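data.tsv (TSV, C-alpha atoms and all ligand atoms)
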chain	number	residue	atom	x	y	z
C	1	MET	CA	94.35	73.48	58.86
C	2	ALA	CA	91.78	76.26	59.20
C	3	THR	CA	90.51	77.09	62.68
C	4	ALA	CA	87.30	75.10	63.20
C	5	VAL	CA	83.99	76.92	63.66
C	6	GLY	CA	83.60	77.81	67.34
C	7	GLU	CA	87.27	77.14	68.05
C	8	HIS	CA	89.28	80.03	69.45
C	9	PRO	CA	92.44	81.03	67.54
C	10	VAL	CA	94.35	80.52	70.80
C	11	SER	CA	93.31	78.06	73.45
C	12	VAL	CA	95.55	77.08	76.37
C	13	ARG	CA	94.85	74.69	79.23
C	14	GLY	CA	97.14	73.96	82.15
C	15	LEU	CA	100.26	75.27	80.39
C	16	ARG	CA	103.48	74.62	82.28
C	17	LYS	CA	107.08	75.54	81.50
C	18	SER	CA	110.04	74.88	83.76
C	19	TYR	CA	113.61	75.94	83.26
C	20	GLY	CA	115.45	73.42	85.43
C	21	ASP	CA	113.85	73.76	88.86
C	22	TRP	CA	112.38	77.21	88.06
C	23	HIS	CA	108.69	76.97	87.22
C	24	ALA	CA	108.17	79.97	84.96
C	25	VAL	CA	104.64	79.02	83.85
C	26	GLN	CA	102.53	77.08	86.32
C	27	GLY	CA	99.18	75.92	84.98
C	28	LEU	CA	98.07	78.77	82.75
C	29	ASP	CA	94.64	78.80	81.05
C	30	LEU	CA	93.71	81.20	78.26
C	31	ASP	CA	91.24	81.63	75.41
C	32	ILE	CA	91.81	84.38	72.85
C	33	HIS	CA	88.83	85.11	70.63
C	34	GLN	CA	88.69	85.54	66.88
C	35	GLY	CA	89.32	89.12	65.75
C	36	GLU	CA	90.16	90.63	69.12
C	37	VAL	CA	93.22	92.53	70.23
C	38	PHE	CA	94.15	90.77	73.45
C	39	ALA	CA	96.72	92.12	75.94
C	40	LEU	CA	99.04	90.04	78.07
C	41	LEU	CA	100.00	92.13	81.08
C	42	GLY	CA	102.16	91.38	84.07
C	43	PRO	CA	105.37	92.34	85.87
C	44	ASN	CA	108.86	91.52	84.65
C	45	GLY	CA	109.56	87.81	84.84
C	46	ALA	CA	105.88	86.85	85.10
C	47	GLY	CA	106.08	84.39	82.18
C	48	LYS	CA	104.52	86.42	79.34
C	49	THR	CA	107.30	85.97	76.78
C	50	THR	CA	107.69	82.31	77.72
C	51	THR	CA	103.97	81.80	77.11
C	52	VAL	CA	103.95	83.75	73.85
C	53	GLU	CA	106.98	81.91	72.52
C	54	ILE	CA	105.32	78.58	73.30
C	55	LEU	CA	102.24	79.76	71.36
C	56	GLU	CA	104.52	80.76	68.47
C	57	GLY	CA	106.16	77.33	68.46
C	58	VAL	CA	109.53	78.85	69.33
C	59	ARG	CA	109.78	77.22	72.79
C	60	GLN	CA	108.76	73.76	73.90
C	61	ARG	CA	106.37	73.44	76.82
C	62	THR	CA	106.80	71.21	79.83
C	63	GLY	CA	103.09	70.32	80.01
C	64	GLY	CA	99.52	71.31	79.23
C	65	ASP	CA	97.40	71.61	76.07
C	66	VAL	CA	97.90	74.38	73.52
C	67	ARG	CA	95.97	74.99	70.29
C	68	VAL	CA	96.89	77.87	68.00
C	69	LEU	CA	94.88	78.27	64.77
C	70	GLY	CA	93.71	74.72	65.21
C	71	CYS	CA	97.19	73.18	65.60
C	72	ASP	CA	99.64	72.26	68.33
C	73	PRO	CA	102.49	74.78	67.90
C	74	ALA	CA	104.98	72.11	69.00
C	75	GLU	CA	104.28	70.35	65.69
C	76	ASP	CA	105.82	72.98	63.48
C	77	ARG	CA	104.15	73.08	60.05
C	78	ARG	CA	105.05	75.39	57.23
C	79	GLU	CA	101.47	76.36	56.25
C	80	TRP	CA	100.57	76.96	59.89
C	81	ARG	CA	103.63	79.17	60.41
C	82	ALA	CA	102.73	81.21	57.32
C	83	ARG	CA	99.48	82.25	59.04
C	84	ILE	CA	101.29	83.67	62.07
C	85	GLY	CA	103.15	86.99	62.38
C	86	VAL	CA	105.67	87.52	65.12
C	87	VAL	CA	107.29	90.68	66.45
C	88	PRO	CA	109.63	89.34	69.15
C	89	GLN	CA	110.72	91.26	72.21
C	90	THR	CA	114.28	91.69	70.99
C	91	THR	CA	115.15	93.65	67.87
C	92	GLY	CA	116.28	91.46	64.99
C	93	ALA	CA	119.75	91.53	63.41
C	94	TYR	CA	119.30	91.55	59.65
C	95	SER	CA	122.97	91.68	58.53
C	96	ASP	CA	124.00	93.81	55.54
C	97	LEU	CA	120.64	94.28	53.86
C	98	THR	CA	118.70	97.46	53.16
C	99	VAL	CA	115.29	97.98	54.72
C	100	ARG	CA	113.56	97.01	51.47
C	101	GLU	CA	115.75	93.91	51.04
C	102	VAL	CA	114.96	92.74	54.57
C	103	VAL	CA	111.22	93.06	54.04
C	104	GLU	CA	111.45	91.43	50.57
C	105	HIS	CA	113.46	88.58	52.06
C	106	PHE	CA	110.80	87.81	54.66
C	107	ALA	CA	107.90	88.38	52.25
C	108	ALA	CA	109.28	85.52	50.14
C	109	PHE	CA	108.47	83.04	52.95
C	110	TYR	CA	104.71	83.67	52.66
C	111	PRO	CA	102.20	82.56	50.02
C	112	ASN	CA	100.21	85.83	50.03
C	113	PRO	CA	102.37	88.64	51.42
C	114	LEU	CA	101.29	92.25	51.53
C	115	PRO	CA	103.02	94.51	48.96
C	116	VAL	CA	106.50	95.28	50.32
C	117	GLY	CA	106.28	99.01	49.57
C	118	GLN	CA	102.94	99.24	51.38
C	119	VAL	CA	104.35	97.53	54.47
C	120	ILE	CA	107.42	99.79	54.53
C	121	ASP	CA	105.15	102.84	54.32
C	122	MET	CA	102.81	101.46	56.98
C	123	VAL	CA	105.64	101.26	59.51
C	124	GLY	CA	106.88	104.73	58.56
C	125	LEU	CA	110.17	103.65	56.94
C	126	GLY	CA	109.34	104.90	53.42
C	127	LYS	CA	112.12	107.49	53.53
C	128	HIS	CA	114.64	104.93	54.73
C	129	GLU	CA	113.96	101.95	52.48
C	130	LYS	CA	117.41	102.14	50.87
C	131	LYS	CA	119.20	102.48	54.19
C	132	GLN	CA	121.30	99.60	55.52
C	133	SER	CA	119.30	97.95	58.28
C	134	THR	CA	122.40	98.09	60.50
C	135	ASP	CA	122.40	101.91	60.22
C	136	LEU	CA	118.85	102.37	61.57
C	137	SER	CA	118.19	104.10	64.87
C	138	GLY	CA	116.75	101.98	67.70
C	139	GLY	CA	113.19	103.12	66.99
C	140	GLN	CA	113.58	102.65	63.22
C	141	ALA	CA	114.96	99.14	63.79
C	142	ARG	CA	111.89	98.38	65.90
C	143	ARG	CA	109.64	99.55	63.04
C	144	LEU	CA	111.52	97.16	60.75
C	145	ASP	CA	110.76	94.33	63.21
C	146	VAL	CA	107.08	95.21	62.92
C	147	ALA	CA	107.32	95.23	59.10
C	148	VAL	CA	108.88	91.76	59.16
C	149	GLY	CA	106.15	90.56	61.54
C	150	ILE	CA	103.23	91.73	59.39
C	151	VAL	CA	104.46	91.34	55.80
C	152	GLY	CA	102.95	87.84	55.53
C	153	ASP	CA	99.47	89.32	56.14
C	154	PRO	CA	99.01	86.94	59.09
C	155	ASP	CA	95.73	85.71	60.58
C	156	LEU	CA	97.24	85.88	64.07
C	157	ILE	CA	99.88	88.40	65.15
C	158	PHE	CA	102.03	88.20	68.28
C	159	LEU	CA	103.47	91.56	69.29
C	160	ASP	CA	105.88	91.32	72.23
C	161	GLU	CA	106.40	94.86	73.57
C	162	PRO	CA	106.33	96.25	70.00
C	163	THR	CA	106.43	99.92	70.94
C	164	THR	CA	109.27	99.87	73.47
C	165	GLY	CA	111.79	102.46	72.28
C	166	LEU	CA	109.40	104.18	69.88
C	167	ASP	CA	108.82	107.93	70.12
C	168	PRO	CA	105.23	109.03	70.91
C	169	VAL	CA	104.35	109.67	67.24
C	170	ALA	CA	105.75	106.31	66.14
C	171	ARG	CA	103.82	104.63	68.97
C	172	ARG	CA	100.55	106.07	67.68
C	173	GLU	CA	101.46	104.89	64.17
C	174	ALA	CA	102.09	101.40	65.53
C	175	TRP	CA	98.66	101.54	67.19
C	176	ASP	CA	97.09	102.42	63.83
C	177	LEU	CA	98.76	99.37	62.38
C	178	VAL	CA	97.25	97.13	65.05
C	179	ARG	CA	93.84	98.69	64.33
C	180	TYR	CA	94.35	98.10	60.59
C	181	PHE	CA	94.73	94.35	61.16
C	182	SER	CA	91.94	94.29	63.71
C	183	GLU	CA	89.54	95.94	61.26
C	184	ARG	CA	90.42	93.20	58.77
C	185	GLY	CA	89.29	90.58	61.30
C	186	ARG	CA	92.77	89.44	62.32
C	187	THR	CA	93.59	88.42	65.88
C	188	THR	CA	96.38	90.16	67.79
C	189	VAL	CA	98.11	89.14	71.00
C	190	LEU	CA	99.89	92.16	72.45
C	191	THR	CA	102.35	91.94	75.33
C	192	THR	CA	102.92	95.35	76.84
C	193	HIS	CA	103.91	97.22	79.98
C	194	TYR	CA	102.11	100.34	78.74
C	195	LEU	CA	98.62	100.29	80.21
C	196	ASP	CA	97.49	103.22	78.06
C	197	GLU	CA	98.45	101.11	75.05
C	198	ALA	CA	96.42	98.16	76.31
C	199	GLU	CA	93.48	100.43	77.03
C	200	ALA	CA	93.65	102.13	73.62
C	201	LEU	CA	93.88	98.92	71.62
C	202	CYS	CA	92.57	95.92	73.49
C	203	GLN	CA	89.11	94.62	74.25
C	204	ARG	CA	90.25	91.98	76.73
C	205	ALA	CA	93.39	91.21	78.66
C	206	ALA	CA	94.96	88.72	81.01
C	207	VAL	CA	97.26	89.64	83.87
C	208	ILE	CA	99.94	87.02	84.47
C	209	VAL	CA	101.75	86.86	87.78
C	210	ALA	CA	104.27	84.14	88.61
C	211	GLY	CA	103.22	82.04	85.62
C	212	ARG	CA	99.48	82.07	86.32
C	213	VAL	CA	96.57	84.15	85.06
C	214	VAL	CA	95.30	86.17	88.02
C	215	GLN	CA	92.71	88.15	86.04
C	216	CYS	CA	91.22	87.76	82.59
C	217	GLY	CA	88.36	89.58	80.92
C	218	PRO	CA	87.20	92.85	79.37
C	219	LEU	CA	89.48	95.72	80.35
C	220	ALA	CA	86.49	97.91	81.20
C	221	GLU	CA	85.56	95.48	83.99
C	222	PHE	CA	89.06	94.76	85.25
C	223	GLY	CA	89.37	94.38	89.00
C	224	GLY	CA	85.67	95.28	89.37
C	225	ARG	CA	86.55	98.70	87.93
C	226	SER	CA	83.03	99.35	86.67
C	227	GLN	CA	81.67	98.77	90.21
C	228	THR	CA	84.40	100.60	92.13
C	229	PRO	CA	83.29	103.93	93.62
C	230	THR	CA	84.40	107.23	92.12
C	231	THR	CA	86.25	109.58	94.45
C	232	VAL	CA	85.30	113.27	94.50
C	233	SER	CA	87.94	115.34	96.26
C	234	PHE	CA	88.79	118.99	96.92
C	235	ARG	CA	90.97	121.01	99.27
C	236	ILE	CA	88.81	122.47	102.04
C	237	PRO	CA	88.94	126.30	101.83
C	238	PRO	CA	88.94	128.35	105.07
C	239	GLU	CA	85.27	129.35	104.49
C	240	LEU	CA	84.18	125.69	104.70
C	241	ALA	CA	86.53	124.53	107.46
C	242	GLY	CA	84.54	123.13	110.40
C	243	ARG	CA	81.19	123.28	108.56
C	244	THR	CA	78.89	120.29	108.52
C	245	LEU	CA	78.57	118.69	105.10
C	246	PRO	CA	75.20	119.01	103.35
C	247	SER	CA	72.90	116.03	102.94
C	248	LEU	CA	74.77	113.69	100.52
C	249	PRO	CA	73.35	111.11	98.08
C	250	PRO	CA	72.86	107.58	99.48
C	251	GLY	CA	76.09	105.61	99.74
C	252	ALA	CA	78.39	108.66	99.66
C	253	ASP	CA	81.26	107.96	102.02
C	254	PRO	CA	83.41	110.89	103.18
C	255	ALA	CA	86.86	109.87	104.49
C	256	PRO	CA	88.36	111.65	107.49
C	257	VAL	CA	90.33	114.70	106.32
C	258	GLY	CA	94.07	114.04	106.54
C	259	ALA	CA	97.03	116.33	107.06
C	260	ASP	CA	96.85	117.42	103.40
C	261	GLY	CA	93.53	119.20	104.09
C	262	VAL	CA	91.82	117.37	101.21
C	263	LEU	CA	88.30	115.97	101.62
C	264	ARG	CA	87.72	112.71	99.70
C	265	ILE	CA	84.25	111.29	99.24
C	266	GLY	CA	83.63	107.89	97.67
C	267	THR	CA	80.39	107.66	95.67
C	268	HIS	CA	78.55	105.80	92.94
C	269	ALA	CA	76.66	109.01	92.09
C	270	PRO	CA	79.30	111.70	91.48
C	271	THR	CA	76.92	114.02	89.62
C	272	ALA	CA	74.38	113.98	92.45
C	273	LEU	CA	77.17	114.48	94.95
C	274	LEU	CA	78.45	117.56	93.12
C	275	ALA	CA	74.88	118.85	92.86
C	276	ALA	CA	74.75	118.76	96.69
C	277	LEU	CA	78.24	120.17	97.28
C	278	VAL	CA	78.12	123.14	94.88
C	279	PRO	CA	75.17	125.08	96.51
C	280	TRP	CA	76.61	124.27	99.95
C	281	ALA	CA	79.93	125.85	98.90
C	282	HIS	CA	78.19	128.82	97.23
C	283	GLN	CA	76.24	129.56	100.42
C	284	ALA	CA	79.55	129.92	102.24
C	285	GLY	CA	80.85	132.30	99.56
C	286	VAL	CA	83.04	129.69	97.81
C	287	ALA	CA	82.53	129.96	94.04
C	288	GLU	CA	85.16	127.34	93.14
C	289	LEU	CA	86.08	124.30	95.19
C	290	PRO	CA	89.91	124.34	95.23
C	291	GLU	CA	91.61	121.40	93.43
C	292	LEU	CA	88.26	119.75	92.68
C	293	ARG	CA	88.79	116.27	91.16
C	294	VAL	CA	86.46	113.50	90.09
C	295	HIS	CA	88.61	110.38	90.01
C	296	ARG	CA	87.46	107.07	88.56
C	297	PRO	CA	89.83	104.13	89.12
C	298	THR	CA	92.16	103.90	86.13
C	299	LEU	CA	93.40	100.68	84.61
C	300	GLU	CA	96.73	101.44	86.26
C	301	ASP	CA	95.05	101.73	89.68
C	302	VAL	CA	93.39	98.32	89.39
C	303	TYR	CA	96.45	96.74	87.80
C	304	LEU	CA	98.74	97.89	90.59
C	305	GLU	CA	96.24	96.61	93.15
C	306	LEU	CA	96.10	93.22	91.39
C	307	ILE	CA	99.88	92.96	91.39
C	308	ARG	CA	100.02	93.99	95.04
C	309	GLN	CA	97.57	91.22	95.93
C	310	ASN	CA	99.26	88.54	93.86
C	311	VAL	CA	103.00	89.13	93.79
C	312	ASP	CA	104.89	86.34	95.48
C	313	GLY	CA	108.44	86.92	94.35
C	314	THR	CA	107.84	86.69	90.60
C	315	ASP	CA	111.33	87.73	89.60
C	316	ARG	CA	114.06	85.67	91.15
C	317	GLY	CA	116.02	87.85	93.53
C	318	ALA	CA	113.63	90.82	93.26
C	319	ASP	CA	111.78	92.01	96.30
C	320	THR	CA	108.09	92.81	96.20
C	321	SER	CA	108.42	96.58	96.31
C	322	GLN	CA	110.75	96.43	93.31
C	323	LEU	CA	108.17	94.46	91.33
C	324	ILE	CA	105.40	96.87	92.20
C	325	SER	CA	107.49	99.85	91.20
C	326	GLN	CA	108.28	98.18	87.86
C	327	ALA	CA	104.64	97.61	87.11
C	328	GLY	CA	103.32	100.06	84.58
C	329	THR	CA	106.49	102.08	84.38
C	330	ARG	CA	108.30	100.27	81.56
A	401	LIG	N1	115.92	80.32	78.86
A	401	LIG	C1	115.66	80.51	80.15
A	401	LIG	N2	116.34	79.84	81.10
A	401	LIG	C2	116.08	80.00	82.41
A	401	LIG	N3	115.13	80.84	82.90
A	401	LIG	C3	114.43	81.54	81.99
A	401	LIG	C4	114.66	81.41	80.58
A	401	LIG	N4	113.79	82.23	79.94
A	401	LIG	C5	113.05	82.85	80.90
A	401	LIG	N5	113.44	82.43	82.13
A	401	LIG	C6	112.87	82.85	83.40
A	401	LIG	O1	111.47	82.59	83.36
A	401	LIG	C7	110.77	83.65	84.00
A	401	LIG	C8	109.75	84.23	83.02
A	401	LIG	O2	110.45	84.91	81.99
A	401	LIG	P1	109.68	85.63	80.81
A	401	LIG	O3	110.73	86.17	79.87
A	401	LIG	O4	108.68	84.73	80.26
A	401	LIG	O5	108.97	86.82	81.60
A	401	LIG	P2	108.16	88.08	81.05
A	401	LIG	O6	106.87	88.10	81.75
A	401	LIG	O7	108.13	88.07	79.58
A	401	LIG	O8	109.07	89.27	81.57
A	401	LIG	P3	109.39	90.74	80.94
A	401	LIG	O9	108.18	91.58	81.20
A	401	LIG	O10	110.55	91.18	81.75
A	401	LIG	O11	109.71	90.56	79.49
A	401	LIG	C9	111.79	84.67	84.47
A	401	LIG	O12	112.06	84.44	85.83
A	401	LIG	C10	113.01	84.35	83.62
A	401	LIG	O13	114.21	84.65	84.33

Structure re-expressed in structure tokens:
Amino acid sequence: MATAVGEHPVSVRGLRKSYGDWHAVQGLDLDIHQGEVFALLGPNGAGKTTTVEILEGVRQRTGGDVRVLGCDPAEDRREWRARIGVVPQTTGAYSDLTVREVVEHFAAFYPNPLPVGQVIDMVGLGKHEKKQSTDLSGGQARRLDVAVGIVGDPDLIFLDEPTTGLDPVARREAWDLVRYFSERGRTTVLTTHYLDEAEALCQRAAVIVAGRVVQCGPLAEFGGRSQTPTTVSFRIPPELAGRTLPSLPPGADPAPVGADGVLRIGTHAPTALLAALVPWAHQAGVAELPELRVHRPTLEDVYLELIRQNVDGTDRGADTSQLISQAGTR
């Protein structure tokens, strides 16, 4: 029952899922390591929830091999299920129970649940524990979903867009909760459209497009981010207009100045580049370079580029530009 030594908590090979003639997941491979917070990223309709629900044993797969905590999730076993926590994408309906009653009800399914009061406090519902769950606001109801997902003190937690609808403070609290489990060696699979969330919490991520993994690895290296040049840019002031640039560090690559009057220089040595530009500007009487920016590619930059390269009509009926504009905005 325990995950064998050397075995990943989640291991997927050639996963396929079809809904009729629609192939939502088309040969997906994935390994999620023990103790990591792993992000599943991708545009709407890419197959993330389908994949996660197959891993949770909620949906049946069409093909491929799946191991979760050493078991095939299609063979639903009570002890296996007790080791998994799930926060689904949609908010649960908990009928006429108070917050405390809901959490107590779910705690009873697990052999070693966390103390109910502690869980309610952890999700920030301490003040509302006597409230009917049906009377909670959208964000409070989402916190209750998280409480239900973690009360069993799971070894592996699936969080499907857990912070959608939460206010910024509640989002940070939810992040702390993920860190709490991570520090206790638990494994978390986080599906999110918030790239700042992925960057704040996750060591590694996979981007899924049209049911396939198009990129998987450490977020810091995504899309060759660590090797991509930095761009130094500034608006050219009248004093520098028409002047020849100073001698720049090797590899610096100034782009032709466009109609916006901004000079952009790609470089792997931004500090050396600035060290050349600053005395050059001072000599011309320019103490401050207007709108000076040093821009390293963000996760969002590389993500959008990945989607641009790989989108092939992921959402039925959606055109490509719509998919790109959805990416990272939800
Ligand atoms: N029960 C179903 N019957 C038919 N098609 C489905 C069903 N569930 C999902 N799909 C389709 O499978 C594709 C993948 O859906 P899925 O919910 O896995 O995407 P997702 O990546 O989680 O999207 P989102 O980011 O919008 O939550 C979509 O095109 C969706 O319409």

Ligand LIG 401 (chain A): which residues are within 7 Å, counting all atoms listed in the file? Reply as a CSV table (one decimal) with C-alpha atoms, in the frame of the given file.
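The resulting out_26.csv:
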chain,number,residue,atom,x,y,z
C,19,TYR,CA,113.6,75.9,83.3
C,22,TRP,CA,112.4,77.2,88.1
C,24,ALA,CA,108.2,80.0,85.0
C,42,GLY,CA,102.2,91.4,84.1
C,43,PRO,CA,105.4,92.3,85.9
C,44,ASN,CA,108.9,91.5,84.6
C,45,GLY,CA,109.6,87.8,84.8
C,46,ALA,CA,105.9,86.8,85.1
C,47,GLY,CA,106.1,84.4,82.2
C,48,LYS,CA,104.5,86.4,79.3
C,49,THR,CA,107.3,86.0,76.8
C,50,THR,CA,107.7,82.3,77.7
C,51,THR,CA,104.0,81.8,77.1
C,314,THR,CA,107.8,86.7,90.6
C,315,ASP,CA,111.3,87.7,89.6
C,316,ARG,CA,114.1,85.7,91.2

Atomic separation - atom CA of Gly124 of chain C relative to atom CA of Gln89 of chain C, Å: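 Computing the Euclidean distance for atom CA of Gln89 of chain C and atom CA of Gly124 of chain C yields 19.6 Å.
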
If we count only C-alpha atoms, what is near segment 109-123 of chain C at a cut-off of 9 Å, once residues fewer than 3 positions away on the same chain are taken out, given as a short mmCIF file (atom, residue, chain, number, x, y, z; two decimals) with C-alpha atoms, in the frame of the given file?
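File written: result06.cif
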data_model
loop_
_atom_site.label_atom_id
_atom_site.label_comp_id
_atom_site.auth_asym_id
_atom_site.auth_seq_id
_atom_site.Cartn_x
_atom_site.Cartn_y
_atom_site.Cartn_z
CA GLU C 79 101.47 76.36 56.25
CA ALA C 82 102.73 81.21 57.32
CA ARG C 83 99.48 82.25 59.04
CA VAL C 99 115.29 97.98 54.72
CA ARG C 100 113.56 97.01 51.47
CA VAL C 103 111.22 93.06 54.04
CA GLU C 104 111.45 91.43 50.57
CA HIS C 105 113.46 88.58 52.06
CA PHE C 106 110.80 87.81 54.66
CA GLY C 126 109.34 104.90 53.42
CA LYS C 127 112.12 107.49 53.53
CA HIS C 128 114.64 104.93 54.73
CA GLU C 129 113.96 101.95 52.48
CA GLN C 140 113.58 102.65 63.22
CA ARG C 143 109.64 99.55 63.04
CA LEU C 144 111.52 97.16 60.75
CA VAL C 146 107.08 95.21 62.92
CA ALA C 147 107.32 95.23 59.10
CA VAL C 148 108.88 91.76 59.16
CA ILE C 150 103.23 91.73 59.39
CA VAL C 151 104.46 91.34 55.80
CA GLY C 152 102.95 87.84 55.53
CA ASP C 153 99.47 89.32 56.14
CA PRO C 154 99.01 86.94 59.09
CA ALA C 170 105.75 106.31 66.14
CA GLU C 173 101.46 104.89 64.17
CA ALA C 174 102.09 101.40 65.53
CA ASP C 176 97.09 102.42 63.83
CA LEU C 177 98.76 99.37 62.38
#

Neighbour list for Thr228 of chain C as an NGL selection string, cut-off 9 Å, only C-alpha atoms, skip fewer than 5 positions in-chain: :C and (223 or 267-268 or 296-297)

Minimum-distance residue to Leu136 of chain C, chosen among C:Glu288, C:Glu36, C:Glu300, C:Asp96 (using all atoms listed in the file):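 Answer, going by the shortest atom-to-atom distance: C:Asp96.
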
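Among the candidates C:Leu159, C:Leu219, C:Val209, C:Ala252, the residue lying nearest to Leu28 of chain C is C:Val209 (atoms considered: all atoms listed in the file).
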
Atom CA of Glu221 of chain C to atom CA of His295 of chain C, straight-line distance in Å: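 Atom-to-atom, atom CA of His295 of chain C and atom CA of Glu221 of chain C are spaced 16.4 Å apart.
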
Box in all listed atoms of segment 210-223 of chain C, axis-aligned, with 3 Å more on each side; write out centre and edge lengths in Å to one decimal as lines of an AutoDock Vina configuration file.
center_x = 94.9
center_y = 90.0
center_z = 84.2
size_x = 24.7
size_y = 21.9
size_z = 15.6

Separation of atom CA of Thr164 of chain C from atom CA of Arg16 of chain C, in Å and rounded to one decimal: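 These atoms are spaced 27.4 Å apart.
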
Top pick for closest residue to Gly224 of chain C, considering C:Phe158, C:Ala272, C:Asp260, C:Thr298 and counting only C-alpha atoms: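 So, comparing all the options, the nearest one is C:Thr298.
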
Contacts of segment 112-203 of chain C with segment 9-14 of chain C up to 10 Å, shortest pair per row, all atoms listed in the file, as CSV:
residue,atom,partner,partner_atom,distance
C:Asp155,CA,C:Pro9,CA,9.0
C:Leu156,CA,C:Pro9,CA,7.7
C:Arg186,CA,C:Pro9,CA,9.9
C:Thr187,CA,C:Pro9,CA,7.7
C:Thr188,CA,C:Pro9,CA,9.9
C:Val189,CA,C:Val10,CA,9.4

From C:Val87, C:Leu55, C:Leu41, C:Ala198, residue lying nearest Asp72 of chain C [all atoms listed in the file]: C:Leu55

C:Gly85, C:Lys17, C:Gln203, C:Pro270 ranked by distance to Pro250 of chain C, top pick (using all atoms listed in the file):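 Using all atoms listed in the file, Pro250 of chain C sits closest to C:Pro270.
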
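Of the residues listed (C:Gly27, C:Val311, C:Val294, C:Tyr94), C:Val311 shows the shortest atom-to-atom separation from Ala210 of chain C; distances use only C-alpha atoms.
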
Close residues, Thr191 of chain C itself excluded, 6 Å, only C-alpha atoms, min 4 positions apart in chain, as number ranges by chain: C: 39-40, 160-161
